[in-house]
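In what follows, a single structure is set out as structure tokens and then discussed.
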Amino acid sequence: MLKASLHGKRGFRVGKICVVGLGYIGLPTATVFAGAGYDVVGVDINEEVIALLEKGQIMIEEVGLLEEVRKVVKSGKLRASLTPEEADVFIIAVPTPINHDQTANLDYVVAATSSILPYLQKGNIVVIESTIPPRTVEDVVAPIIKAFGVDPVQDIHLVHCPERVLPGRILHEMRSNPRIVGGYTKEASEKAADVYRRVVTGEVVETEATIAEMAKLMENTYRDVNIALANELVKISSKLHINAYEVIRLANKHPRVHLHSPGPGVGGHCLAVDPYFIVEKAPEEAKLISQAREVNSSMPSFVIEQIVRLTASLFRAKIAVLGLTYKENIDDVRESPSLQVIQLLQQYKEYDVYPHDPHVQQGKVNVPLYSLEEALTQADLVVVLVEHHEFEHIQGEQLLKSMNRPVVLDCKNCVKIADERIKVYRLGDAILQKGLD
Ligand code: SAJ
């Protein structure tokens with residue numbers, strides 16, 4: 001039975017927001033609402049996250065986040081708690097990892113939904129921000145709420161409002177990107193859209209829950225498929241001895257063509273995962289999506305092939321691997337292709353592998369990390385896997401001084417060293433495909 005709420009009787013008013021899950025999306029979301037003057041309680045099952053947040057500290061690296069968190073914690077607008085509390089709006093932003101069989105693991109979404117049930121009041125808005133397979137609101141979330149005795153049509157307003165922010169630009173994009181609010185009912189989308197319009201300057205579009213689920217997945221799938229096309233081009237060019245970067249540069253001069261950038265693979269918790277949520281629901285139909293995933297997943301092995309070629313003449317080569325995160329200038333290593341490259345390299349017993357990443361702390365990954373100097377000293381090959389801005393400043397002189405053999409494999413087309421004494425090979429270079437001299 002639901003307790004009657006003043007808010008529900010009077011009509012809609014937002015005083016308090018409860019954000020469940022304080023990760024890369026939940027914490028900035030809580031911070032943005034708190035910064036706009038709402039009373040926000042941030043909930044997480046990780047005691048360390050809560051203990052740190054109470055002191056105005058955070059566990060993730062994101063531009064500007066620490067400063068904003070400090071401010072709202074100090075002003076009392078953002079509080080941390082291990083358990084949910086009664087609120088006007090509940091926002092669930094917990095991870096949806098992928099199972100071994102490449103289906104979505106909805107355990108956290110189910111647990112988070114269940115955790116708020118005892119606190120629900122009539123008129124509450126419940127938002128699922130976590131990325132979910134199509135039909136999850138209809139087939140999983142709403143039934144959990146119903147089974148507790150709360151009617152997701154009459155009693156509360158249930159919506160899916162997927163996040164679309166780019167790590168590294170989260171706070172800015174959270175406030176300015178257009179949002180899709182997909183309601184379980186029309187009224188739910190209207191009410192929840194009104195909440196987001198209070199903090200979002202971009203367009204807030206109302207739709208149905210299943211459309212919102214699918215739109216979110218297709219955004220990331222679009223990108224994954226396009227990156228796969230660029231990566232396949234690199235492989236084709238490799239076979240035909242063509243410079244893939246030059247092909248991309250020229251093809252992109254067409255006004256309606258935008259070939260993406262090839263690289264060592266696709267990482268992160270979004271592009272490398274979300275397309276599977278579609279494949280899971282329609283495996284026979286989602287052939288292209290599935291194939292694109294395969295192409296992108298094969299790139300770490302392709303990098304290894306190039307490393308083997310570049311070190312063929314050496315015995316026990318020392319390889320400096322620069323960049324462990326899934327992309328540049330962040331500390332997130334989830335699904336990072338770099339970790340796969342390192343793992344594959346370690347399987348070759350004849351390599352000494354020295355990973356370095358200025359954004360990743362020792363202990364955050366299960367490989368030992370080295371300083372740049374340690375990694376470069378006596379190295380036979382430097383493999384750049386991520387375009388961190390720090391790597392732009394690596395000087396040719398430094399490589400010449402430290403390395404045993406000044407050879408670089410640049411997998412992100414980002415190394416700017418122009419010194420004839422240093423051999424820089426890029427993943428899509430014809431010169432690399434023709435082999436070493
Ligand atoms: N990558 C390439 N080539 C490219 C672009 C990216 O190899 O041309 C690689 C990156 O190196 C990285 C991966 O793809 O490993 C993903 O990076 P990303 O910058 O494309 O995207 P994410 O995963 O950081 O964030 C995406 C964004 N979605 C889209 O751009 C459609 C973001 O807006 C979403 O909010 C986020 O997924 C999410 O949370 O779903």
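Here, A, B, ... name the chains of the structure tokens in the order displayed, residue numbers run from 1 inside each chain, and ligands are numbered from 1 in the same displayed order.
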
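Excluding stretch 258-262 of chain A itself and any same-chain residue fewer than 2 positions from it, the protein and nucleic acid residues within 6 Å of it, counting only C-alpha atoms, are Ile227, Ala230, Asn231 and Asn252 of chain A.
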
Dump as a PDB file, in the first residue's frame, selection limited to C-alpha atoms:
ATOM      1  CA  ILE A 227      34.103   2.492 -36.209  1.00  0.00           C
ATOM      2  CA  ALA A 230      36.997   2.243 -40.355  1.00  0.00           C
ATOM      3  CA  ASN A 231      38.730  -0.699 -38.680  1.00  0.00           C
ATOM      4  CA  ASN A 252      35.617  12.568 -45.830  1.00  0.00           C
TER       5      ASN A 252
END

So that each row is one residue of chain A with an atom at most 9 Å from ligand 1, can you give its shortest atom pair and the distance in Å to one decimal, using only C-alpha atoms and all ligand atoms, rows by chain and rising number, as JSON lines?
{"residue": "A:Tyr24", "atom": "CA", "partner": "ligand 1", "partner_atom_place_in_ligand_line": "39 (O)", "distance": 8.8}
{"residue": "A:Ile25", "atom": "CA", "partner": "ligand 1", "partner_atom_place_in_ligand_line": "39 (O)", "distance": 7.9}
{"residue": "A:Ser130", "atom": "CA", "partner": "ligand 1", "partner_atom_place_in_ligand_line": "39 (O)", "distance": 8.8}
{"residue": "A:Thr131", "atom": "CA", "partner": "ligand 1", "partner_atom_place_in_ligand_line": "40 (O)", "distance": 7.2}
{"residue": "A:Pro162", "atom": "CA", "partner": "ligand 1", "partner_atom_place_in_ligand_line": "40 (O)", "distance": 8.1}
{"residue": "A:Glu163", "atom": "CA", "partner": "ligand 1", "partner_atom_place_in_ligand_line": "35 (O)", "distance": 5.5}
{"residue": "A:Arg164", "atom": "CA", "partner": "ligand 1", "partner_atom_place_in_ligand_line": "35 (O)", "distance": 3.0}
{"residue": "A:Val165", "atom": "CA", "partner": "ligand 1", "partner_atom_place_in_ligand_line": "35 (O)", "distance": 3.7}
{"residue": "A:Leu166", "atom": "CA", "partner": "ligand 1", "partner_atom_place_in_ligand_line": "32 (C)", "distance": 4.2}
{"residue": "A:Pro167", "atom": "CA", "partner": "ligand 1", "partner_atom_place_in_ligand_line": "24 (O)", "distance": 5.2}
{"residue": "A:Gly168", "atom": "CA", "partner": "ligand 1", "partner_atom_place_in_ligand_line": "24 (O)", "distance": 8.1}
{"residue": "A:Ile170", "atom": "CA", "partner": "ligand 1", "partner_atom_place_in_ligand_line": "35 (O)", "distance": 8.4}
{"residue": "A:Glu173", "atom": "CA", "partner": "ligand 1", "partner_atom_place_in_ligand_line": "33 (O)", "distance": 8.5}
{"residue": "A:Lys216", "atom": "CA", "partner": "ligand 1", "partner_atom_place_in_ligand_line": "40 (O)", "distance": 7.3}
{"residue": "A:Leu217", "atom": "CA", "partner": "ligand 1", "partner_atom_place_in_ligand_line": "40 (O)", "distance": 7.8}
{"residue": "A:Met218", "atom": "CA", "partner": "ligand 1", "partner_atom_place_in_ligand_line": "31 (C)", "distance": 8.1}
{"residue": "A:Glu219", "atom": "CA", "partner": "ligand 1", "partner_atom_place_in_ligand_line": "31 (C)", "distance": 4.5}
{"residue": "A:Asn220", "atom": "CA", "partner": "ligand 1", "partner_atom_place_in_ligand_line": "31 (C)", "distance": 4.2}
{"residue": "A:Thr221", "atom": "CA", "partner": "ligand 1", "partner_atom_place_in_ligand_line": "31 (C)", "distance": 7.5}
{"residue": "A:Tyr222", "atom": "CA", "partner": "ligand 1", "partner_atom_place_in_ligand_line": "31 (C)", "distance": 7.0}
{"residue": "A:Arg223", "atom": "CA", "partner": "ligand 1", "partner_atom_place_in_ligand_line": "31 (C)", "distance": 5.7}
{"residue": "A:Asp224", "atom": "CA", "partner": "ligand 1", "partner_atom_place_in_ligand_line": "14 (O)", "distance": 7.0}
{"residue": "A:Asn226", "atom": "CA", "partner": "ligand 1", "partner_atom_place_in_ligand_line": "8 (O)", "distance": 7.7}
{"residue": "A:Ile227", "atom": "CA", "partner": "ligand 1", "partner_atom_place_in_ligand_line": "3 (N)", "distance": 5.1}
{"residue": "A:Ala228", "atom": "CA", "partner": "ligand 1", "partner_atom_place_in_ligand_line": "7 (O)", "distance": 8.2}
{"residue": "A:Ala230", "atom": "CA", "partner": "ligand 1", "partner_atom_place_in_ligand_line": "3 (N)", "distance": 7.8}
{"residue": "A:Asn231", "atom": "CA", "partner": "ligand 1", "partner_atom_place_in_ligand_line": "7 (O)", "distance": 7.9}
{"residue": "A:Leu259", "atom": "CA", "partner": "ligand 1", "partner_atom_place_in_ligand_line": "8 (O)", "distance": 7.8}
{"residue": "A:His260", "atom": "CA", "partner": "ligand 1", "partner_atom_place_in_ligand_line": "8 (O)", "distance": 4.0}
{"residue": "A:Ser261", "atom": "CA", "partner": "ligand 1", "partner_atom_place_in_ligand_line": "8 (O)", "distance": 3.6}
{"residue": "A:Pro262", "atom": "CA", "partner": "ligand 1", "partner_atom_place_in_ligand_line": "7 (O)", "distance": 5.2}
{"residue": "A:Gly263", "atom": "CA", "partner": "ligand 1", "partner_atom_place_in_ligand_line": "7 (O)", "distance": 4.6}
{"residue": "A:Pro264", "atom": "CA", "partner": "ligand 1", "partner_atom_place_in_ligand_line": "7 (O)", "distance": 6.8}
{"residue": "A:Gly265", "atom": "CA", "partner": "ligand 1", "partner_atom_place_in_ligand_line": "7 (O)", "distance": 5.7}
{"residue": "A:Val266", "atom": "CA", "partner": "ligand 1", "partner_atom_place_in_ligand_line": "15 (O)", "distance": 3.9}
{"residue": "A:Gly267", "atom": "CA", "partner": "ligand 1", "partner_atom_place_in_ligand_line": "15 (O)", "distance": 3.8}
{"residue": "A:Gly268", "atom": "CA", "partner": "ligand 1", "partner_atom_place_in_ligand_line": "23 (O)", "distance": 5.0}
{"residue": "A:His269", "atom": "CA", "partner": "ligand 1", "partner_atom_place_in_ligand_line": "23 (O)", "distance": 6.3}
{"residue": "A:Cys270", "atom": "CA", "partner": "ligand 1", "partner_atom_place_in_ligand_line": "40 (O)", "distance": 4.4}
{"residue": "A:Leu271", "atom": "CA", "partner": "ligand 1", "partner_atom_place_in_ligand_line": "23 (O)", "distance": 5.1}
{"residue": "A:Ala272", "atom": "CA", "partner": "ligand 1", "partner_atom_place_in_ligand_line": "13 (C)", "distance": 7.3}
{"residue": "A:Asp274", "atom": "CA", "partner": "ligand 1", "partner_atom_place_in_ligand_line": "40 (O)", "distance": 7.5}
{"residue": "A:Asn296", "atom": "CA", "partner": "ligand 1", "partner_atom_place_in_ligand_line": "7 (O)", "distance": 8.3}
{"residue": "A:Thr325", "atom": "CA", "partner": "ligand 1", "partner_atom_place_in_ligand_line": "15 (O)", "distance": 8.2}
{"residue": "A:Tyr326", "atom": "CA", "partner": "ligand 1", "partner_atom_place_in_ligand_line": "15 (O)", "distance": 4.6}
{"residue": "A:Lys327", "atom": "CA", "partner": "ligand 1", "partner_atom_place_in_ligand_line": "11 (O)", "distance": 4.5}
{"residue": "A:Glu328", "atom": "CA", "partner": "ligand 1", "partner_atom_place_in_ligand_line": "11 (O)", "distance": 7.2}
{"residue": "A:Glu335", "atom": "CA", "partner": "ligand 1", "partner_atom_place_in_ligand_line": "15 (O)", "distance": 8.3}
{"residue": "A:Ser336", "atom": "CA", "partner": "ligand 1", "partner_atom_place_in_ligand_line": "15 (O)", "distance": 6.6}
{"residue": "A:Pro337", "atom": "CA", "partner": "ligand 1", "partner_atom_place_in_ligand_line": "15 (O)", "distance": 7.1}
{"residue": "A:Leu385", "atom": "CA", "partner": "ligand 1", "partner_atom_place_in_ligand_line": "11 (O)", "distance": 8.8}
{"residue": "A:Val386", "atom": "CA", "partner": "ligand 1", "partner_atom_place_in_ligand_line": "11 (O)", "distance": 7.2}
{"residue": "A:Glu387", "atom": "CA", "partner": "ligand 1", "partner_atom_place_in_ligand_line": "11 (O)", "distance": 8.6}
{"residue": "A:Lys412", "atom": "CA", "partner": "ligand 1", "partner_atom_place_in_ligand_line": "7 (O)", "distance": 8.0}

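Taking atom CA of A:Val89 as the reference point, atom CA of A:Asn124 is found at 5.7 Å.
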
Contacts of A:Ala30 at 12 Å (only C-alpha atoms; same-chain gap of 3+ positions) as a VMD selection string: chain A and resid 16 to 27 33 to 44 53 65 68 to 69 72 to 73 77 to 80 89 to 93 171 174 199

Write the residues you've just listed into a file as a tab-separated table (two decimals), in the first residue's frame, and include N, CA and C atoms for each of them.
chain	number	residue	atom	x	y	z
A	16	LYS	N	12.66	17.00	-3.34
A	16	LYS	CA	13.78	16.10	-3.06
A	16	LYS	C	13.93	15.04	-4.16
A	17	ILE	N	15.18	14.76	-4.47
A	17	ILE	CA	15.49	13.76	-5.49
A	17	ILE	C	16.41	12.71	-4.89
A	18	CYS	N	16.10	11.46	-5.14
A	18	CYS	CA	16.94	10.37	-4.66
A	18	CYS	C	17.60	9.70	-5.87
A	19	VAL	N	18.92	9.77	-5.94
A	19	VAL	CA	19.65	9.19	-7.07
A	19	VAL	C	20.30	7.88	-6.60
A	20	VAL	N	19.92	6.79	-7.21
A	20	VAL	CA	20.45	5.49	-6.81
A	20	VAL	C	21.56	5.08	-7.77
A	21	GLY	N	22.76	4.93	-7.23
A	21	GLY	CA	23.94	4.62	-8.05
A	21	GLY	C	24.76	5.89	-8.23
A	22	LEU	N	25.97	5.90	-7.66
A	22	LEU	CA	26.78	7.13	-7.71
A	22	LEU	C	28.05	6.90	-8.52
A	23	GLY	N	27.88	6.37	-9.72
A	23	GLY	CA	29.02	6.14	-10.59
A	23	GLY	C	29.21	7.28	-11.56
A	24	TYR	N	29.72	6.94	-12.75
A	24	TYR	CA	30.04	7.95	-13.76
A	24	TYR	C	28.83	8.77	-14.19
A	25	ILE	N	27.64	8.23	-14.06
A	25	ILE	CA	26.44	8.97	-14.46
A	25	ILE	C	25.66	9.46	-13.24
A	26	GLY	N	25.48	8.58	-12.26
A	26	GLY	CA	24.67	8.94	-11.08
A	26	GLY	C	25.25	10.12	-10.31
A	27	LEU	N	26.56	10.11	-10.08
A	27	LEU	CA	27.15	11.18	-9.28
A	27	LEU	C	27.04	12.54	-9.98
A	33	PHE	N	21.61	18.26	-10.24
A	33	PHE	CA	20.34	18.63	-9.60
A	33	PHE	C	20.59	19.39	-8.29
A	34	ALA	N	21.58	18.93	-7.52
A	34	ALA	CA	21.88	19.62	-6.25
A	34	ALA	C	22.36	21.05	-6.53
A	35	GLY	N	23.16	21.17	-7.58
A	35	GLY	CA	23.68	22.49	-7.96
A	35	GLY	C	22.56	23.44	-8.38
A	36	ALA	N	21.45	22.85	-8.87
A	36	ALA	CA	20.31	23.69	-9.29
A	36	ALA	C	19.39	24.00	-8.11
A	37	GLY	N	19.76	23.53	-6.93
A	37	GLY	CA	19.01	23.91	-5.73
A	37	GLY	C	18.11	22.84	-5.16
A	38	TYR	N	18.07	21.65	-5.78
A	38	TYR	CA	17.22	20.58	-5.24
A	38	TYR	C	17.92	19.86	-4.11
A	39	ASP	N	17.14	19.32	-3.17
A	39	ASP	CA	17.72	18.50	-2.11
A	39	ASP	C	17.92	17.12	-2.68
A	40	VAL	N	19.15	16.69	-2.73
A	40	VAL	CA	19.44	15.40	-3.36
A	40	VAL	C	20.09	14.46	-2.35
A	41	VAL	N	19.58	13.23	-2.33
A	41	VAL	CA	20.28	12.20	-1.57
A	41	VAL	C	20.84	11.21	-2.58
A	42	GLY	N	22.14	10.99	-2.51
A	42	GLY	CA	22.79	10.06	-3.42
A	42	GLY	C	23.00	8.74	-2.70
A	43	VAL	N	22.57	7.66	-3.34
A	43	VAL	CA	22.62	6.35	-2.69
A	43	VAL	C	23.57	5.42	-3.44
A	44	ASP	N	24.38	4.71	-2.69
A	44	ASP	CA	25.24	3.70	-3.32
A	44	ASP	C	25.46	2.57	-2.33
A	53	LEU	N	32.13	10.57	-0.23
A	53	LEU	CA	31.23	11.65	-0.63
A	53	LEU	C	30.82	12.52	0.56
A	65	LEU	N	34.22	17.76	-11.95
A	65	LEU	CA	33.26	17.10	-11.06
A	65	LEU	C	33.61	17.31	-9.58
A	68	GLU	N	32.57	20.70	-8.25
A	68	GLU	CA	31.11	20.87	-8.10
A	68	GLU	C	30.57	20.03	-6.95
A	69	VAL	N	31.13	18.81	-6.80
A	69	VAL	CA	30.68	17.93	-5.71
A	69	VAL	C	30.97	18.61	-4.37
A	72	VAL	N	28.38	21.32	-3.54
A	72	VAL	CA	27.01	20.91	-3.15
A	72	VAL	C	26.98	20.10	-1.86
A	73	VAL	N	28.09	19.41	-1.57
A	73	VAL	CA	28.16	18.68	-0.29
A	73	VAL	C	28.27	19.71	0.83
A	77	LYS	N	23.23	20.45	-0.06
A	77	LYS	CA	22.24	20.09	-1.08
A	77	LYS	C	22.41	18.65	-1.54
A	78	LEU	N	23.64	18.13	-1.44
A	78	LEU	CA	23.84	16.71	-1.77
A	78	LEU	C	24.33	15.97	-0.53
A	79	ARG	N	23.55	14.95	-0.16
A	79	ARG	CA	23.94	14.08	0.95
A	79	ARG	C	24.16	12.67	0.42
A	80	ALA	N	24.93	11.88	1.15
A	80	ALA	CA	25.19	10.51	0.72
A	80	ALA	C	24.55	9.53	1.69
A	89	VAL	N	11.32	12.42	-6.61
A	89	VAL	CA	11.81	11.80	-7.84
A	89	VAL	C	12.89	10.79	-7.49
A	90	PHE	N	12.83	9.62	-8.09
A	90	PHE	CA	13.88	8.61	-7.94
A	90	PHE	C	14.56	8.45	-9.29
A	91	ILE	N	15.88	8.55	-9.30
A	91	ILE	CA	16.62	8.35	-10.55
A	91	ILE	C	17.56	7.17	-10.35
A	92	ILE	N	17.36	6.15	-11.14
A	92	ILE	CA	18.21	4.95	-11.03
A	92	ILE	C	19.28	4.99	-12.11
A	93	ALA	N	20.53	5.03	-11.67
A	93	ALA	CA	21.65	5.12	-12.62
A	93	ALA	C	22.72	4.10	-12.20
A	171	LEU	N	29.71	16.85	-17.34
A	171	LEU	CA	28.90	17.92	-16.72
A	171	LEU	C	28.33	18.87	-17.77
A	174	MET	N	25.68	16.96	-19.79
A	174	MET	CA	24.49	16.63	-19.00
A	174	MET	C	23.54	17.82	-18.95
A	199	VAL	N	16.89	21.44	-15.45
A	199	VAL	CA	18.36	21.50	-15.40
A	199	VAL	C	19.02	21.36	-16.78

Alpha helix (DSSP H) call set, DSSP backbone run, stretch 253-428 of chain A, as a PyMOL selection string: chain A and resi 274-281+287-297+299-310+337-347+372-376+389-392+396-402

Compile a residue-level contact table for stretch 264-321 of chain A against stretch 344-362 of chain A at a cut-off of 6 Å, reporting for every qualifying residue the shortest atom pair and its distance in Å to one decimal, with only C-alpha atoms counted, rows ordered by chain and ascending number, as CSV.
residue,atom,partner,partner_atom,distance
A:Arg316,CA,A:Glu350,CA,4.7
A:Ala317,CA,A:Tyr351,CA,5.2
A:Lys318,CA,A:Asp352,CA,4.6
A:Ile319,CA,A:Val353,CA,5.0
A:Ala320,CA,A:Tyr354,CA,4.8
A:Val321,CA,A:Pro355,CA,4.5

Same residues, C-alpha atoms, saved as a short mmCIF file (atom, residue, chain, number, x, y, z; two decimals), in the first residue's frame:
data_model
loop_
_atom_site.label_atom_id
_atom_site.label_comp_id
_atom_site.auth_asym_id
_atom_site.auth_seq_id
_atom_site.Cartn_x
_atom_site.Cartn_y
_atom_site.Cartn_z
CA ARG A 316 62.96 -10.82 -25.80
CA ALA A 317 61.81 -7.39 -26.89
CA LYS A 318 60.84 -4.81 -24.28
CA ILE A 319 57.54 -3.19 -25.21
CA ALA A 320 56.37 0.06 -23.65
CA VAL A 321 52.57 0.19 -23.85
#

Shell of 10 Å around stretch 398-404 of chain A, only C-alpha atoms, local chain residues under 3 positions omitted, as a ChimeraX atom specification: /A:317-318,320,373-382,394-395,407-408,417,419,421-422

Those selected residues, please, written with N, CA and C atoms and delivered as a compact mmCIF listing (two decimals), in the first residue's frame.
# COMPACT_ATOMS: atom_id res chain seq x y z
N ALA A 317 61.98 -8.83 -26.71
CA ALA A 317 61.81 -7.39 -26.89
C ALA A 317 61.10 -6.77 -25.68
N LYS A 318 61.55 -5.56 -25.33
CA LYS A 318 60.84 -4.81 -24.28
C LYS A 318 59.85 -3.87 -24.96
N ALA A 320 57.03 -0.94 -24.50
CA ALA A 320 56.37 0.06 -23.65
C ALA A 320 54.97 0.27 -24.22
N GLU A 373 59.25 7.03 -17.77
CA GLU A 373 60.70 6.83 -17.88
C GLU A 373 61.03 5.33 -17.77
N GLU A 374 60.42 4.67 -16.79
CA GLU A 374 60.68 3.22 -16.62
C GLU A 374 60.24 2.45 -17.86
N ALA A 375 59.10 2.84 -18.42
CA ALA A 375 58.58 2.12 -19.59
C ALA A 375 59.48 2.33 -20.81
N LEU A 376 59.97 3.56 -20.97
CA LEU A 376 60.75 3.86 -22.18
C LEU A 376 62.19 3.34 -22.11
N THR A 377 62.74 3.27 -20.90
CA THR A 377 64.16 2.90 -20.77
C THR A 377 64.44 1.53 -21.39
N GLN A 378 65.32 1.52 -22.34
CA GLN A 378 65.74 0.29 -23.04
C GLN A 378 64.62 -0.40 -23.82
N ALA A 379 63.54 0.33 -24.08
CA ALA A 379 62.43 -0.29 -24.83
C ALA A 379 62.82 -0.48 -26.30
N ASP A 380 62.30 -1.56 -26.89
CA ASP A 380 62.55 -1.82 -28.31
C ASP A 380 61.40 -1.30 -29.17
N LEU A 381 60.27 -1.10 -28.52
CA LEU A 381 59.10 -0.62 -29.26
C LEU A 381 58.16 0.10 -28.29
N VAL A 382 57.67 1.26 -28.72
CA VAL A 382 56.63 1.94 -27.95
C VAL A 382 55.32 1.76 -28.71
N ILE A 394 55.51 13.97 -25.69
CA ILE A 394 56.70 13.11 -25.70
C ILE A 394 57.61 13.59 -26.83
N GLN A 395 58.84 13.88 -26.46
CA GLN A 395 59.78 14.43 -27.42
C GLN A 395 60.62 13.33 -28.06
N VAL A 407 61.53 2.91 -32.10
CA VAL A 407 60.45 2.54 -33.01
C VAL A 407 59.11 2.71 -32.28
N VAL A 408 58.15 3.32 -32.94
CA VAL A 408 56.85 3.59 -32.32
C VAL A 408 55.75 3.00 -33.18
N ILE A 417 55.76 13.15 -33.53
CA ILE A 417 57.22 13.23 -33.64
C ILE A 417 57.64 13.19 -35.12
N ASP A 419 61.01 13.13 -36.62
CA ASP A 419 62.46 13.04 -36.49
C ASP A 419 62.86 11.78 -37.26
N ARG A 421 65.23 9.98 -37.29
CA ARG A 421 65.94 8.92 -36.55
C ARG A 421 64.95 8.00 -35.81
N ILE A 422 63.70 8.46 -35.72
CA ILE A 422 62.69 7.64 -35.02
C ILE A 422 61.68 7.12 -36.03

Selection: 12 Å around A:Val141, only C-alpha atoms, excl. self and same-chain fewer than 4 positions, as a PyMOL selection string: chain A and resi 92+106-114+116-117+126-128+130+132-137+145-148+150-152+158-160+184+209

Atom CA of A:Ala142 to atom CA of A:Thr103, straight-line distance in Å: 20.1 Å

Those of stretch 104-235 of chain A in DSSP strand (DSSP E), formatted as a ChimeraX atom specification: /A:125-128,157-160,179-183,204-208

Go ahead and save the picked residues with N, CA and C atoms, as a JSON list (two decimals), in the first residue's frame.
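The resulting file, part10.json, is shown below:
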[["chain", "number", "residue", "atom", "x", "y", "z"],
["A", 125, "ILE", "N", 7.93, 10.23, -9.24],
["A", 125, "ILE", "CA", 8.46, 9.95, -10.57],
["A", 125, "ILE", "C", 9.62, 8.97, -10.40],
["A", 126, "VAL", "N", 9.62, 7.91, -11.18],
["A", 126, "VAL", "CA", 10.71, 6.94, -11.13],
["A", 126, "VAL", "C", 11.36, 6.90, -12.51],
["A", 127, "VAL", "N", 12.65, 7.24, -12.53],
["A", 127, "VAL", "CA", 13.38, 7.30, -13.80],
["A", 127, "VAL", "C", 14.44, 6.21, -13.84],
["A", 128, "ILE", "N", 14.44, 5.45, -14.91],
["A", 128, "ILE", "CA", 15.55, 4.52, -15.14],
["A", 128, "ILE", "C", 16.48, 5.22, -16.13],
["A", 157, "HIS", "N", 4.84, 7.67, -11.75],
["A", 157, "HIS", "CA", 5.16, 8.01, -13.14],
["A", 157, "HIS", "C", 6.50, 7.37, -13.47],
["A", 158, "LEU", "N", 6.47, 6.36, -14.30],
["A", 158, "LEU", "CA", 7.67, 5.57, -14.60],
["A", 158, "LEU", "C", 8.19, 5.92, -16.00],
["A", 159, "VAL", "N", 9.48, 6.24, -16.08],
["A", 159, "VAL", "CA", 10.05, 6.57, -17.40],
["A", 159, "VAL", "C", 11.46, 5.99, -17.55],
["A", 160, "HIS", "N", 11.86, 5.92, -18.82],
["A", 160, "HIS", "CA", 13.27, 5.66, -19.13],
["A", 160, "HIS", "C", 13.82, 6.95, -19.73],
["A", 179, "ARG", "N", 17.58, 15.56, -24.40],
["A", 179, "ARG", "CA", 17.27, 14.32, -23.68],
["A", 179, "ARG", "C", 16.01, 13.68, -24.25],
["A", 180, "ILE", "N", 15.96, 12.36, -24.15],
["A", 180, "ILE", "CA", 14.75, 11.63, -24.56],
["A", 180, "ILE", "C", 14.11, 11.09, -23.28],
["A", 181, "VAL", "N", 12.85, 11.42, -23.09],
["A", 181, "VAL", "CA", 12.14, 10.91, -21.92],
["A", 181, "VAL", "C", 11.03, 9.99, -22.40],
["A", 182, "GLY", "N", 11.20, 8.70, -22.16],
["A", 182, "GLY", "CA", 10.24, 7.72, -22.65],
["A", 182, "GLY", "C", 9.37, 7.21, -21.52],
["A", 183, "GLY", "N", 8.09, 7.55, -21.56],
["A", 183, "GLY", "CA", 7.21, 7.22, -20.45],
["A", 183, "GLY", "C", 6.53, 5.87, -20.59],
["A", 204, "VAL", "N", 14.18, 18.62, -24.57],
["A", 204, "VAL", "CA", 13.78, 17.41, -23.84],
["A", 204, "VAL", "C", 12.57, 16.84, -24.57],
["A", 205, "VAL", "N", 12.77, 15.69, -25.23],
["A", 205, "VAL", "CA", 11.75, 15.15, -26.11],
["A", 205, "VAL", "C", 10.97, 14.03, -25.40],
["A", 206, "GLU", "N", 9.66, 14.10, -25.50],
["A", 206, "GLU", "CA", 8.83, 13.07, -24.83],
["A", 206, "GLU", "C", 8.45, 11.97, -25.82],
["A", 207, "THR", "N", 8.55, 10.74, -25.36],
["A", 207, "THR", "CA", 8.18, 9.60, -26.21],
["A", 207, "THR", "C", 7.77, 8.42, -25.32],
["A", 208, "GLU", "N", 7.71, 7.22, -25.95],
["A", 208, "GLU", "CA", 7.36, 6.02, -25.18],
["A", 208, "GLU", "C", 8.64, 5.36, -24.66]]

Contact residues around A:Ile242 with only C-alpha atoms at 9 Å, ignoring same-chain residues under 2 positions, as a PyMOL selection string: chain A and resi 234+236-240+244-247+428-431+433

Distance criterion (only C-alpha atoms): nearest to A:Gln306 out of A:Asp101, A:Glu213, A:Glu232, A:Asp410: A:Asp410

Surrounding residues of A:Arg198 excluding itself and chain neighbours under 2 positions, 10 Å, only C-alpha atoms, as a VMD selection string: chain A and resid 33 36 175 193 to 196 200 to 201

I need the residues from that last selection saved to file as a compact mmCIF listing (two decimals), in the first residue's frame (with N, CA and C atoms), if you can.
# COMPACT_ATOMS: atom_id res chain seq x y z
N PHE A 33 21.61 18.26 -10.24
CA PHE A 33 20.34 18.63 -9.60
C PHE A 33 20.59 19.39 -8.29
N ALA A 36 21.45 22.85 -8.87
CA ALA A 36 20.31 23.69 -9.29
C ALA A 36 19.39 24.00 -8.11
N ARG A 175 24.10 19.01 -18.99
CA ARG A 175 23.26 20.22 -18.94
C ARG A 175 22.80 20.67 -20.32
N ALA A 193 9.70 14.77 -18.03
CA ALA A 193 10.35 15.74 -18.92
C ALA A 193 10.42 17.10 -18.23
N ASP A 194 9.37 17.42 -17.48
CA ASP A 194 9.34 18.69 -16.76
C ASP A 194 10.48 18.77 -15.73
N VAL A 195 10.80 17.63 -15.12
CA VAL A 195 11.90 17.60 -14.15
C VAL A 195 13.22 17.90 -14.85
N TYR A 196 13.45 17.21 -15.98
CA TYR A 196 14.73 17.40 -16.69
C TYR A 196 14.85 18.80 -17.26
N VAL A 200 18.22 21.01 -17.80
CA VAL A 200 18.78 20.77 -19.13
C VAL A 200 18.41 21.92 -20.06
N THR A 201 19.41 22.48 -20.74
CA THR A 201 19.11 23.56 -21.68
C THR A 201 18.76 23.01 -23.06

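When only C-alpha atoms are used to compute distances to A:Pro97, the closest of the residues A:Glu67, A:Ile60, A:Val273, A:Leu250 turns out to be A:Val273.
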